[in-house]
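Pasting final-v5.txt here (compact mmCIF, C-alpha atoms):
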# COMPACT_ATOMS: atom_id res chain seq x y z
CA MET A 22 98.47 99.15 200.04
CA VAL A 23 94.83 100.16 200.41
CA ASP A 24 95.80 103.83 200.40
CA ARG A 25 97.90 103.28 197.29
CA ILE A 26 95.00 101.63 195.47
CA ARG A 27 92.60 104.39 196.49
CA GLY A 28 95.14 107.03 195.42
CA ARG A 29 95.45 108.78 198.78
CA GLY A 30 98.42 111.03 199.38
CA ARG A 31 99.24 111.70 195.71
CA ASP A 32 98.44 114.79 193.70
CA SER A 33 98.22 114.64 189.95
CA ALA A 34 97.18 117.05 187.26
CA THR A 35 93.74 116.51 185.83
CA SER A 36 93.81 115.46 182.22
CA GLY A 37 91.89 117.35 179.57
CA SER A 38 88.64 116.03 178.13
CA ALA A 39 86.91 116.18 174.79
CA PRO A 40 83.17 116.52 174.23
CA ALA A 41 81.51 113.16 174.66
CA GLY A 42 80.44 111.53 171.48
CA ASP A 43 82.67 113.18 168.87
CA GLY A 44 85.96 111.60 169.96
CA GLY A 45 87.88 114.68 168.83
CA GLY A 46 88.27 113.82 165.14
CA SER A 47 86.74 113.40 161.74
CA THR A 48 84.98 110.33 160.42
CA ILE A 49 86.92 107.87 158.27
CA ALA A 50 85.80 107.73 154.66
CA ILE A 51 84.92 104.22 153.51
CA ALA A 52 85.90 103.70 149.88
CA SER A 53 82.85 101.78 148.72
CA THR A 54 79.37 103.26 148.29
CA ASP A 55 77.76 99.81 148.21
CA PRO A 56 76.23 99.21 151.69
CA LYS A 57 77.30 95.57 151.78
CA GLN A 58 80.86 96.32 150.76
CA ALA A 59 81.10 99.33 153.08
CA THR A 60 79.93 97.25 156.05
CA TRP A 61 82.38 94.48 155.20
CA GLU A 62 85.21 97.02 155.06
CA ARG A 63 84.30 98.07 158.62
CA VAL A 64 84.44 94.44 159.74
CA GLN A 65 87.88 94.02 158.19
CA LEU A 66 89.13 97.20 159.87
CA ALA A 67 87.86 95.91 163.23
CA ARG A 68 89.88 92.71 162.66
CA ASN A 69 93.06 94.46 161.51
CA LEU A 70 96.06 92.71 163.09
CA ARG A 71 97.77 96.05 163.80
CA ARG A 72 94.77 97.46 165.64
CA PRO A 73 95.76 98.59 169.18
CA ARG A 74 94.91 96.12 171.95
CA ILE A 75 94.27 96.69 175.63
CA LEU A 76 97.93 96.57 176.71
CA GLU A 77 98.92 99.14 174.11
CA LEU A 78 95.96 101.39 174.89
CA VAL A 79 96.38 101.21 178.67
CA GLY A 80 100.12 101.78 178.28
CA ALA A 81 99.39 105.04 176.44
CA MET A 82 96.46 106.13 178.64
CA ALA A 83 97.61 105.25 182.15
CA ASP A 84 100.31 106.89 184.23
CA GLU A 85 100.70 103.65 186.18
CA PHE A 86 99.50 100.08 185.57
CA VAL A 87 99.89 96.93 187.64
CA GLU A 88 98.72 93.73 185.94
CA LEU A 89 97.03 91.06 188.06
CA HIS A 90 97.15 87.36 187.16
CA GLY A 91 95.25 84.17 187.91
CA ASP A 92 91.71 83.23 188.90
CA ARG A 93 92.76 81.54 192.20
CA LEU A 94 91.05 78.35 190.98
CA PHE A 95 92.68 76.95 187.84
CA GLY A 96 95.31 79.18 186.24
CA ASP A 97 96.10 82.38 184.39
CA ASP A 98 94.40 82.91 181.03
CA GLU A 99 96.58 85.17 178.90
CA ALA A 100 93.64 85.98 176.61
CA VAL A 101 92.31 88.24 179.39
CA VAL A 102 94.30 91.13 180.84
CA THR A 103 93.31 92.56 184.22
CA GLY A 104 94.93 95.05 186.54
CA LEU A 105 94.85 98.32 188.44
CA ALA A 106 95.69 101.58 186.67
CA ARG A 107 96.09 105.24 187.51
CA ILE A 108 94.79 107.62 184.85
CA GLY A 109 95.61 111.13 185.95
CA ASP A 110 94.35 111.41 189.52
CA ARG A 111 91.84 108.58 189.16
CA ARG A 112 92.36 104.93 190.11
CA VAL A 113 90.49 102.36 188.01
CA ALA A 114 90.33 98.61 187.52
CA VAL A 115 91.05 97.59 183.92
CA ILE A 116 89.81 94.40 182.21
CA GLY A 117 89.97 93.37 178.57
CA GLN A 118 90.75 90.75 175.96
CA GLN A 119 94.21 90.68 174.40
CA LYS A 120 94.89 89.30 170.91
CA GLY A 121 98.38 88.68 169.61
CA ALA A 122 100.34 90.77 167.13
CA ASP A 123 101.88 87.70 165.47
CA THR A 124 101.24 83.97 165.18
CA GLU A 125 103.33 83.01 168.21
CA GLU A 126 101.64 85.51 170.50
CA ASN A 127 98.21 84.66 169.10
CA ILE A 128 98.74 81.01 169.99
CA ARG A 129 99.92 81.96 173.49
CA ARG A 130 96.91 84.23 173.97
CA ASN A 131 94.50 81.82 172.26
CA PHE A 132 93.69 84.43 169.57
CA GLY A 133 92.04 86.57 172.25
CA MET A 134 89.34 83.97 173.01
CA PRO A 135 89.09 83.49 176.80
CA HIS A 136 88.75 80.20 178.62
CA PRO A 137 86.55 80.01 181.75
CA GLU A 138 89.49 80.92 184.00
CA GLY A 139 89.90 84.16 182.04
CA TYR A 140 86.39 85.30 182.96
CA ARG A 141 86.88 84.12 186.54
CA LYS A 142 90.04 86.21 186.72
CA ALA A 143 88.02 89.17 185.45
CA MET A 144 85.35 88.59 188.09
CA ARG A 145 87.99 88.45 190.83
CA VAL A 146 89.24 91.89 189.80
CA MET A 147 85.67 93.23 189.49
CA GLU A 148 84.92 92.23 193.06
CA LEU A 149 88.23 93.75 194.18
CA ALA A 150 87.29 97.01 192.46
CA GLU A 151 83.89 97.09 194.16
CA ARG A 152 85.52 96.45 197.54
CA PHE A 153 87.87 99.41 197.18
CA GLY A 154 85.40 101.70 195.42
CA LEU A 155 87.28 101.76 192.10
CA PRO A 156 85.51 102.40 188.78
CA ILE A 157 85.86 99.63 186.19
CA VAL A 158 86.89 100.15 182.57
CA THR A 159 86.65 97.16 180.22
CA PHE A 160 88.06 96.84 176.71
CA VAL A 161 86.17 94.44 174.43
CA ASP A 162 87.97 92.85 171.48
CA VAL A 163 87.02 89.20 171.00
CA PRO A 164 85.42 87.15 168.20
CA GLY A 165 83.79 84.95 170.85
CA ALA A 166 84.56 82.84 173.89
CA HIS A 167 86.73 79.78 173.30
CA PRO A 168 84.47 76.97 171.97
CA GLY A 169 86.80 73.99 172.57
CA PRO A 170 86.13 70.92 174.72
CA GLU A 171 88.51 72.07 177.48
CA SER A 172 86.42 75.22 177.93
CA GLU A 173 83.23 73.16 178.08
CA GLU A 174 84.80 70.86 180.65
CA ARG A 175 85.78 73.81 182.84
CA GLY A 176 82.39 75.55 182.56
CA ILE A 177 82.57 78.31 179.94
CA ALA A 178 78.80 78.87 179.90
CA GLU A 179 78.62 79.14 183.69
CA SER A 180 81.53 81.58 183.87
CA ILE A 181 80.01 83.87 181.20
CA ALA A 182 76.58 83.81 182.84
CA ARG A 183 78.04 84.50 186.28
CA SER A 184 80.13 87.38 184.94
CA ILE A 185 77.07 88.98 183.34
CA GLY A 186 75.11 88.58 186.56
CA LEU A 187 77.95 90.01 188.66
CA MET A 188 78.36 93.10 186.47
CA SER A 189 74.64 93.79 186.56
CA ARG A 190 74.79 94.32 190.34
CA LEU A 191 78.28 95.72 190.99
CA ARG A 192 78.08 98.87 193.10
CA THR A 193 80.69 100.85 191.20
CA PRO A 194 80.67 102.75 187.87
CA ILE A 195 81.45 100.64 184.79
CA VAL A 196 82.53 102.01 181.41
CA VAL A 197 82.82 99.61 178.46
CA VAL A 198 84.95 100.37 175.39
CA ILE A 199 84.53 98.20 172.28
CA THR A 200 87.86 98.61 170.52
CA GLY A 201 87.69 95.97 167.79
CA GLU A 202 85.46 92.96 167.33
CA GLY A 203 82.82 92.30 169.98
CA GLY A 204 81.29 88.91 169.38
CA SER A 205 78.65 86.87 171.19
CA GLY A 206 78.68 86.06 174.91
CA GLY A 207 82.46 86.24 174.92
CA ALA A 208 82.10 90.01 174.57
CA LEU A 209 78.96 90.48 176.66
CA ALA A 210 80.61 88.76 179.63
CA ILE A 211 82.64 91.94 180.27
CA ALA A 212 80.36 94.45 178.50
CA VAL A 213 77.55 95.01 181.03
CA GLY A 214 78.24 98.64 181.85
CA ASP A 215 76.67 101.99 182.61
CA VAL A 216 78.07 103.54 179.42
CA ILE A 217 79.00 101.65 176.25
CA ILE A 218 81.61 103.33 174.04
CA ALA A 219 82.75 102.04 170.65
CA LEU A 220 85.51 103.05 168.30
CA GLU A 221 84.25 104.09 164.89
CA ASN A 222 85.34 100.89 163.14
CA ALA A 223 84.44 98.50 165.95
CA VAL A 224 81.71 95.92 165.40
CA TYR A 225 79.38 94.34 167.96
CA SER A 226 77.08 91.40 167.28
CA VAL A 227 75.51 88.29 168.75
CA ILE A 228 77.47 86.06 166.35
CA SER A 229 80.21 86.48 163.77
CA PRO A 230 79.07 87.20 160.19
CA GLU A 231 80.61 83.91 159.06
CA GLY A 232 78.72 81.98 161.72
CA CYS A 233 75.45 83.70 160.85
CA ALA A 234 75.97 83.02 157.13
CA ALA A 235 76.77 79.37 157.80
CA ILE A 236 73.46 78.98 159.65
CA LEU A 237 71.23 80.91 157.23
CA TRP A 238 72.86 80.21 153.85
CA ARG A 239 74.95 77.10 154.64
CA THR A 240 78.06 78.90 153.45
CA ALA A 241 80.44 81.43 154.97
CA ASP A 242 80.70 83.14 151.57
CA GLU A 243 77.55 85.11 152.45
CA ALA A 244 79.25 86.73 155.47
CA PRO A 245 79.08 90.27 153.95
CA THR A 246 75.32 89.85 153.45
CA ALA A 247 74.94 88.67 157.05
CA ALA A 248 76.98 91.62 158.34
CA VAL A 249 74.55 94.06 156.69
CA ALA A 250 71.50 92.23 158.05
CA MET A 251 72.85 92.16 161.61
CA LYS A 252 73.54 95.94 161.74
CA MET A 253 76.78 95.28 163.57
CA THR A 254 78.78 98.45 162.88
CA ALA A 255 79.26 101.02 165.65
CA PRO A 256 77.01 103.73 164.10
CA GLU A 257 74.23 101.18 163.56
CA GLN A 258 74.59 99.90 167.12
CA GLN A 259 74.35 103.49 168.36
CA ALA A 260 71.15 104.00 166.37
CA LEU A 261 69.74 100.83 167.98
CA GLY A 262 70.58 102.13 171.47
CA VAL A 263 73.12 99.40 172.23
CA VAL A 264 76.10 101.79 172.04
CA ASP A 265 76.01 105.24 173.66
CA ILE A 266 79.08 106.96 172.19
CA VAL A 267 81.05 106.38 168.99
CA ILE A 268 84.62 107.70 168.97
CA ALA A 269 86.05 108.77 165.63
CA GLU A 270 89.35 107.13 164.72
CA PRO A 271 92.37 109.08 163.50
CA GLY A 272 93.69 108.85 159.94
CA ALA A 273 92.71 105.67 158.11
CA GLY A 274 91.90 103.87 161.34
CA ALA A 275 93.02 103.25 164.92
CA HIS A 276 95.92 101.10 163.70
CA THR A 277 97.53 104.11 161.98
CA ASP A 278 97.86 106.16 165.20
CA PRO A 279 97.38 104.12 168.41
CA ALA A 280 98.62 106.97 170.64
CA GLU A 281 95.99 109.40 169.33
CA THR A 282 93.34 106.69 169.59
CA ALA A 283 94.27 106.14 173.24
CA ARG A 284 94.11 109.90 173.93
CA ARG A 285 90.60 110.14 172.48
CA ILE A 286 89.43 107.13 174.48
CA ARG A 287 90.94 108.57 177.66
CA ASP A 288 89.17 111.91 177.20
CA VAL A 289 85.77 110.27 176.78
CA ILE A 290 86.35 107.89 179.70
CA ASP A 291 87.28 110.83 181.94
CA ASP A 292 84.07 112.66 181.04
CA GLN A 293 81.89 109.63 181.59
CA LEU A 294 83.45 108.65 184.91
CA ASP A 295 83.04 112.23 186.14
CA ALA A 296 79.31 111.97 185.41
CA LEU A 297 78.89 108.42 186.76
CA THR A 298 80.68 109.01 190.07
CA ALA A 299 78.15 111.76 190.86
CA VAL A 300 75.24 109.28 190.64
CA PRO A 301 74.17 107.51 193.88
CA LEU A 302 75.15 103.85 193.79
CA ASP A 303 71.58 102.57 194.23
CA ALA A 304 70.39 104.64 191.27
CA LEU A 305 73.44 103.61 189.24
CA VAL A 306 72.84 99.89 189.68
CA GLU A 307 69.11 100.23 189.01
CA ALA A 308 69.70 102.26 185.82
CA ARG A 309 72.24 99.70 184.57
CA TYR A 310 69.82 96.85 185.18
CA ARG A 311 66.95 98.66 183.45
CA ARG A 312 69.19 99.58 180.53
CA PHE A 313 69.85 95.96 179.61
CA ARG A 314 66.34 94.76 180.42
CA ASN A 315 64.97 97.30 177.93
CA LEU A 316 67.21 96.25 175.05
CA GLY A 317 65.23 94.61 172.29
CA ALA A 318 61.97 96.20 173.44
CA PHE A 319 58.89 95.26 171.49
CA ARG A 320 55.23 96.24 171.40
CA GLU A 321 52.43 93.77 171.95
CA VAL A 322 49.43 94.21 169.68
CA GLU A 323 46.18 92.61 170.69
CA ALA A 324 44.98 90.37 167.87
CA PRO A 325 41.26 89.74 167.28
CA PRO A 326 40.11 86.43 168.77
CA PRO A 327 39.76 83.58 166.28
CA PRO A 328 36.21 82.79 165.21
CA THR A 329 34.48 80.14 167.31
CA PRO A 330 33.94 77.03 165.18
CA GLU A 331 30.31 76.13 164.70
CA ARG A 332 29.46 73.03 166.65
CA PRO A 333 27.87 70.37 164.42
CA GLY A 334 24.37 69.23 165.28
CA LEU A 335 23.28 65.68 166.08
CA ALA A 336 22.34 64.93 162.47
CA ASP A 337 25.71 66.11 161.18
CA ARG A 338 27.60 63.99 163.73
CA LEU A 339 25.58 60.88 162.82
CA ARG A 340 26.17 61.53 159.13
CA ASN A 341 29.93 61.81 159.71
CA LEU A 342 29.91 58.66 161.81
CA LEU A 343 27.98 56.58 159.31
CA ASP A 344 29.58 57.99 156.17
CA PRO A 345 30.84 54.93 154.23
CA GLY A 346 33.59 57.06 152.68
CA ARG A 347 35.42 57.06 156.02
CA TRP A 348 36.20 53.35 155.59
CA SER A 349 36.99 53.30 151.90
CA GLY A 350 40.75 53.25 152.55
CA ILE A 351 40.50 50.10 154.67
CA GLN A 352 38.26 48.34 152.11
CA ASN A 353 40.96 48.75 149.46
CA ILE A 354 43.48 46.66 151.45
CA PRO A 355 43.73 43.19 149.84
CA ALA A 356 42.27 40.30 151.80
CA GLY A 357 44.63 38.42 154.02
CA ARG A 358 46.88 41.45 154.60
CA ARG A 359 44.81 43.51 157.04
CA ASP A 360 47.30 42.82 159.84
CA GLU A 361 50.28 44.07 157.77
CA LEU A 362 51.40 47.62 157.04
CA PRO A 363 50.61 48.77 153.49
CA ALA A 364 53.52 48.82 151.05
CA ARG A 365 54.91 52.15 149.69
CA ASP A 366 53.16 51.76 146.30
CA GLU A 367 49.85 50.96 148.01
CA VAL A 368 50.11 54.13 150.10

Produce structure tokens that represent the structure in this file.
Amino acid sequence: MVDRIRGRGRDSATSGSAPAGDGGGSTIAIASTDPKQATWERVQLARNLRRPRILELVGAMADEFVELHGDRLFGDDEAVVTGLARIGDRRVAVIGQQKGADTEENIRRNFGMPHPEGYRKAMRVMELAERFGLPIVTFVDVPGAHPGPESEERGIAESIARSIGLMSRLRTPIVVVITGEGGSGGALAIAVGDVIIALENAVYSVISPEGCAAILWRTADEAPTAAVAMKMTAPEQQALGVVDIVIAEPGAGAHTDPAETARRIRDVIDDQLDALTAVPLDALVEARYRRFRNLGAFREVEAPPPPTPERPGLADRLRNLLDPGRWSGIQNIPAGRRDELPARDEV
């Protein structure tokens, strides 16, 4: 079994690779020239119900895939897909969120929003990958972690935090692919990697545009405005240094040609894993840690010290103490009511 996971005793042809960063295709033309409308069109493309999910992408990319289930503590969360795959002559561990293609499947998969056991299942496979020296490839497509009471009862915050901490120190290469909507800690829980790749129409943000608009403007109608302010599109995230590579999507979007989208993702993953496997593990883990510590860097500017207030002399302090104006407010309170609070009109 160990030999099978490691890929010993099997010869496979090496797949071709495309130059990193271009994804092997042209950029999709967004109809609107208005920045707000153009950004909102990207968000809608990222949420397209026909957009390829992890099972479809892995099915097209991998020559062999074995799905693993359960977190060994509570149950199996169908919003998270994990397993072992063979891509060409390389064995990898695969983790990602899975949305449904219709209402029935969306309900079964909780609309792609993981419960705590989903992240614990992912962590189980991550540790398995580290044990057998397998690279990890994660596919991010989630609006956010499940916010319901059952998730709070089972420790959603703890599972996300522990997953982030685990990925920051795993001694194996990690490649992250943002395929659709990457939202909040639900996405970051499986997105701590050495290389972050995003499809052209993917979005990545700390909160959904609707949630941001509800906080800032008290209405979700301002979601397009919030999307522009958050710079959540893949090209903007690349300019900020959060995303390393943006892969162009075929045709009018990934949903129009999932097979070609999977081929482009596979080519870039192959190139990146070739580079990452050549890096010593100590240097790899240190570089990954520094990468995320340096996000959101800022510069401290030394401000001039505030002026020292002039200390009043003895005469000034006596004048302030004996100033009859200090007690004028008390003298205006009618007699017989000094022990009562003043009424609103008196104040």

In terms of the shortest atom-to-atom distance over only C-alpha atoms, which of A:Val300, A:Lys120, A:Leu155, A:Ile108 is closest to A:Gly80?
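Of all the options, A:Ile108 lies closest to A:Gly80.
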
Contacts of stretch 163-169 of chain A within 6 Å, all atoms listed in the file, excl. fewer than 3 positions in-chain, as an mmCIF file with C-alpha atoms, keeping the file's coordinate frame:
data_model
loop_
_atom_site.group_PDB
_atom_site.id
_atom_site.type_symbol
_atom_site.label_atom_id
_atom_site.label_comp_id
_atom_site.auth_asym_id
_atom_site.auth_seq_id
_atom_site.Cartn_x
_atom_site.Cartn_y
_atom_site.Cartn_z
ATOM 1 C CA GLY A 133 92.040 86.570 172.250
ATOM 2 C CA MET A 134 89.340 83.970 173.010
ATOM 3 C CA PRO A 135 89.090 83.490 176.800
ATOM 4 C CA HIS A 136 88.750 80.200 178.620
ATOM 5 C CA SER A 172 86.420 75.220 177.930
ATOM 6 C CA GLU A 202 85.460 92.960 167.330
ATOM 7 C CA GLY A 203 82.820 92.300 169.980
ATOM 8 C CA GLY A 204 81.290 88.910 169.380
ATOM 9 C CA SER A 205 78.650 86.870 171.190
ATOM 10 C CA GLY A 207 82.460 86.240 174.920
#

Two-atom distance - atom CA of A:Val267, atom CA of A:Ala318 (Å):
22.1 Å

Just the number, please: distance in Å from atom CA of A:Ala81 to atom CA of A:Arg309, one decimal.
28.8 Å

Two-atom distance - atom CA of A:Lys142, atom CA of A:Gly104 (Å):
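Taking atom CA of A:Lys142 as the start and atom CA of A:Gly104 as the end point, the length is 10.1 Å.
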
Please identify all polymer residues lying at most 10 Å from the point (74.3, 91.8, 184.3) (file coordinates), using all atoms listed in the file, and present the result as a ChimeraX atom specification.
/A:182-191,209-214,306,309-310,313-314

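With all atoms listed in the file as the basis for measurement, A:Asp92 is the residue among A:Asp92, A:Asp265, A:Glu331, A:Glu257 that approaches A:Ser180 most closely.
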
Using the block above, I'd like stretch 182-204 of chain A written out, keeping N, CA, C and O atoms and formatting it as a tab-separated table (two decimals), in the first residue's frame.
chain	number	residue	atom	x	y	z
A	182	ALA	N	-8.62	27.49	12.71
A	182	ALA	CA	-7.33	27.96	13.23
A	182	ALA	C	-6.29	26.84	13.24
A	182	ALA	O	-5.13	27.04	12.88
A	183	ARG	N	-6.71	25.64	13.61
A	183	ARG	CA	-5.76	24.53	13.66
A	183	ARG	C	-5.31	24.12	12.26
A	183	ARG	O	-4.16	23.74	12.05
A	184	SER	N	-6.23	24.21	11.30
A	184	SER	CA	-5.86	23.88	9.92
A	184	SER	C	-4.84	24.88	9.37
A	184	SER	O	-3.86	24.49	8.71
A	185	ILE	N	-5.05	26.16	9.66
A	185	ILE	CA	-4.09	27.18	9.21
A	185	ILE	C	-2.72	26.93	9.85
A	185	ILE	O	-1.68	26.99	9.19
A	186	GLY	N	-2.73	26.66	11.16
A	186	GLY	CA	-1.46	26.40	11.84
A	186	GLY	C	-0.76	25.17	11.31
A	186	GLY	O	0.47	25.16	11.14
A	187	LEU	N	-1.53	24.11	11.02
A	187	LEU	CA	-0.94	22.88	10.49
A	187	LEU	C	-0.30	23.11	9.13
A	187	LEU	O	0.84	22.69	8.88
A	188	MET	N	-1.01	23.80	8.24
A	188	MET	CA	-0.47	24.03	6.90
A	188	MET	C	0.78	24.90	6.91
A	188	MET	O	1.64	24.78	6.04
A	189	SER	N	0.87	25.78	7.89
A	189	SER	CA	2.04	26.67	7.96
A	189	SER	C	3.32	25.92	8.29
A	189	SER	O	4.42	26.42	8.05
A	190	ARG	N	3.21	24.70	8.83
A	190	ARG	CA	4.42	23.95	9.22
A	190	ARG	C	4.54	22.59	8.57
A	190	ARG	O	5.46	21.83	8.90
A	191	LEU	N	3.65	22.23	7.64
A	191	LEU	CA	3.75	20.95	6.96
A	191	LEU	C	5.03	20.86	6.14
A	191	LEU	O	5.34	21.75	5.35
A	192	ARG	N	5.74	19.77	6.26
A	192	ARG	CA	7.01	19.60	5.56
A	192	ARG	C	6.78	18.85	4.24
A	192	ARG	O	7.26	17.73	4.04
A	193	THR	N	6.02	19.48	3.39
A	193	THR	CA	5.76	18.97	2.04
A	193	THR	C	5.27	20.13	1.19
A	193	THR	O	4.67	21.07	1.71
A	194	PRO	N	5.54	20.12	-0.12
A	194	PRO	CA	5.08	21.24	-0.97
A	194	PRO	C	3.56	21.34	-1.00
A	194	PRO	O	2.85	20.33	-1.01
A	195	ILE	N	3.06	22.58	-1.03
A	195	ILE	CA	1.61	22.83	-1.07
A	195	ILE	C	1.32	23.83	-2.18
A	195	ILE	O	1.89	24.92	-2.21
A	196	VAL	N	0.43	23.45	-3.09
A	196	VAL	CA	-0.02	24.33	-4.16
A	196	VAL	C	-1.52	24.56	-3.97
A	196	VAL	O	-2.28	23.61	-3.81
A	197	VAL	N	-1.93	25.82	-3.96
A	197	VAL	CA	-3.33	26.19	-3.76
A	197	VAL	C	-3.89	26.73	-5.07
A	197	VAL	O	-3.25	27.56	-5.72
A	198	VAL	N	-5.08	26.27	-5.45
A	198	VAL	CA	-5.74	26.74	-6.66
A	198	VAL	C	-7.11	27.30	-6.27
A	198	VAL	O	-7.95	26.56	-5.75
A	199	ILE	N	-7.31	28.58	-6.49
A	199	ILE	CA	-8.61	29.21	-6.23
A	199	ILE	C	-9.41	29.12	-7.53
A	199	ILE	O	-9.08	29.78	-8.51
A	200	THR	N	-10.42	28.27	-7.53
A	200	THR	CA	-11.15	27.99	-8.76
A	200	THR	C	-12.42	28.83	-8.92
A	200	THR	O	-12.88	29.04	-10.03
A	201	GLY	N	-13.00	29.28	-7.81
A	201	GLY	CA	-14.24	30.03	-7.88
A	201	GLY	C	-14.26	31.16	-6.89
A	201	GLY	O	-13.58	32.17	-7.05
A	202	GLU	N	-15.02	30.98	-5.83
A	202	GLU	CA	-15.17	32.01	-4.81
A	202	GLU	C	-14.39	31.61	-3.56
A	202	GLU	O	-14.67	30.57	-2.95
A	203	GLY	N	-13.41	32.38	-3.18
A	203	GLY	CA	-12.65	32.12	-1.96
A	203	GLY	C	-13.02	33.15	-0.92
A	203	GLY	O	-12.65	34.32	-1.04
A	204	GLY	N	-13.76	32.74	0.09
A	204	GLY	CA	-14.28	33.70	1.06
A	204	GLY	C	-13.87	33.40	2.48
A	204	GLY	O	-14.05	32.29	2.97
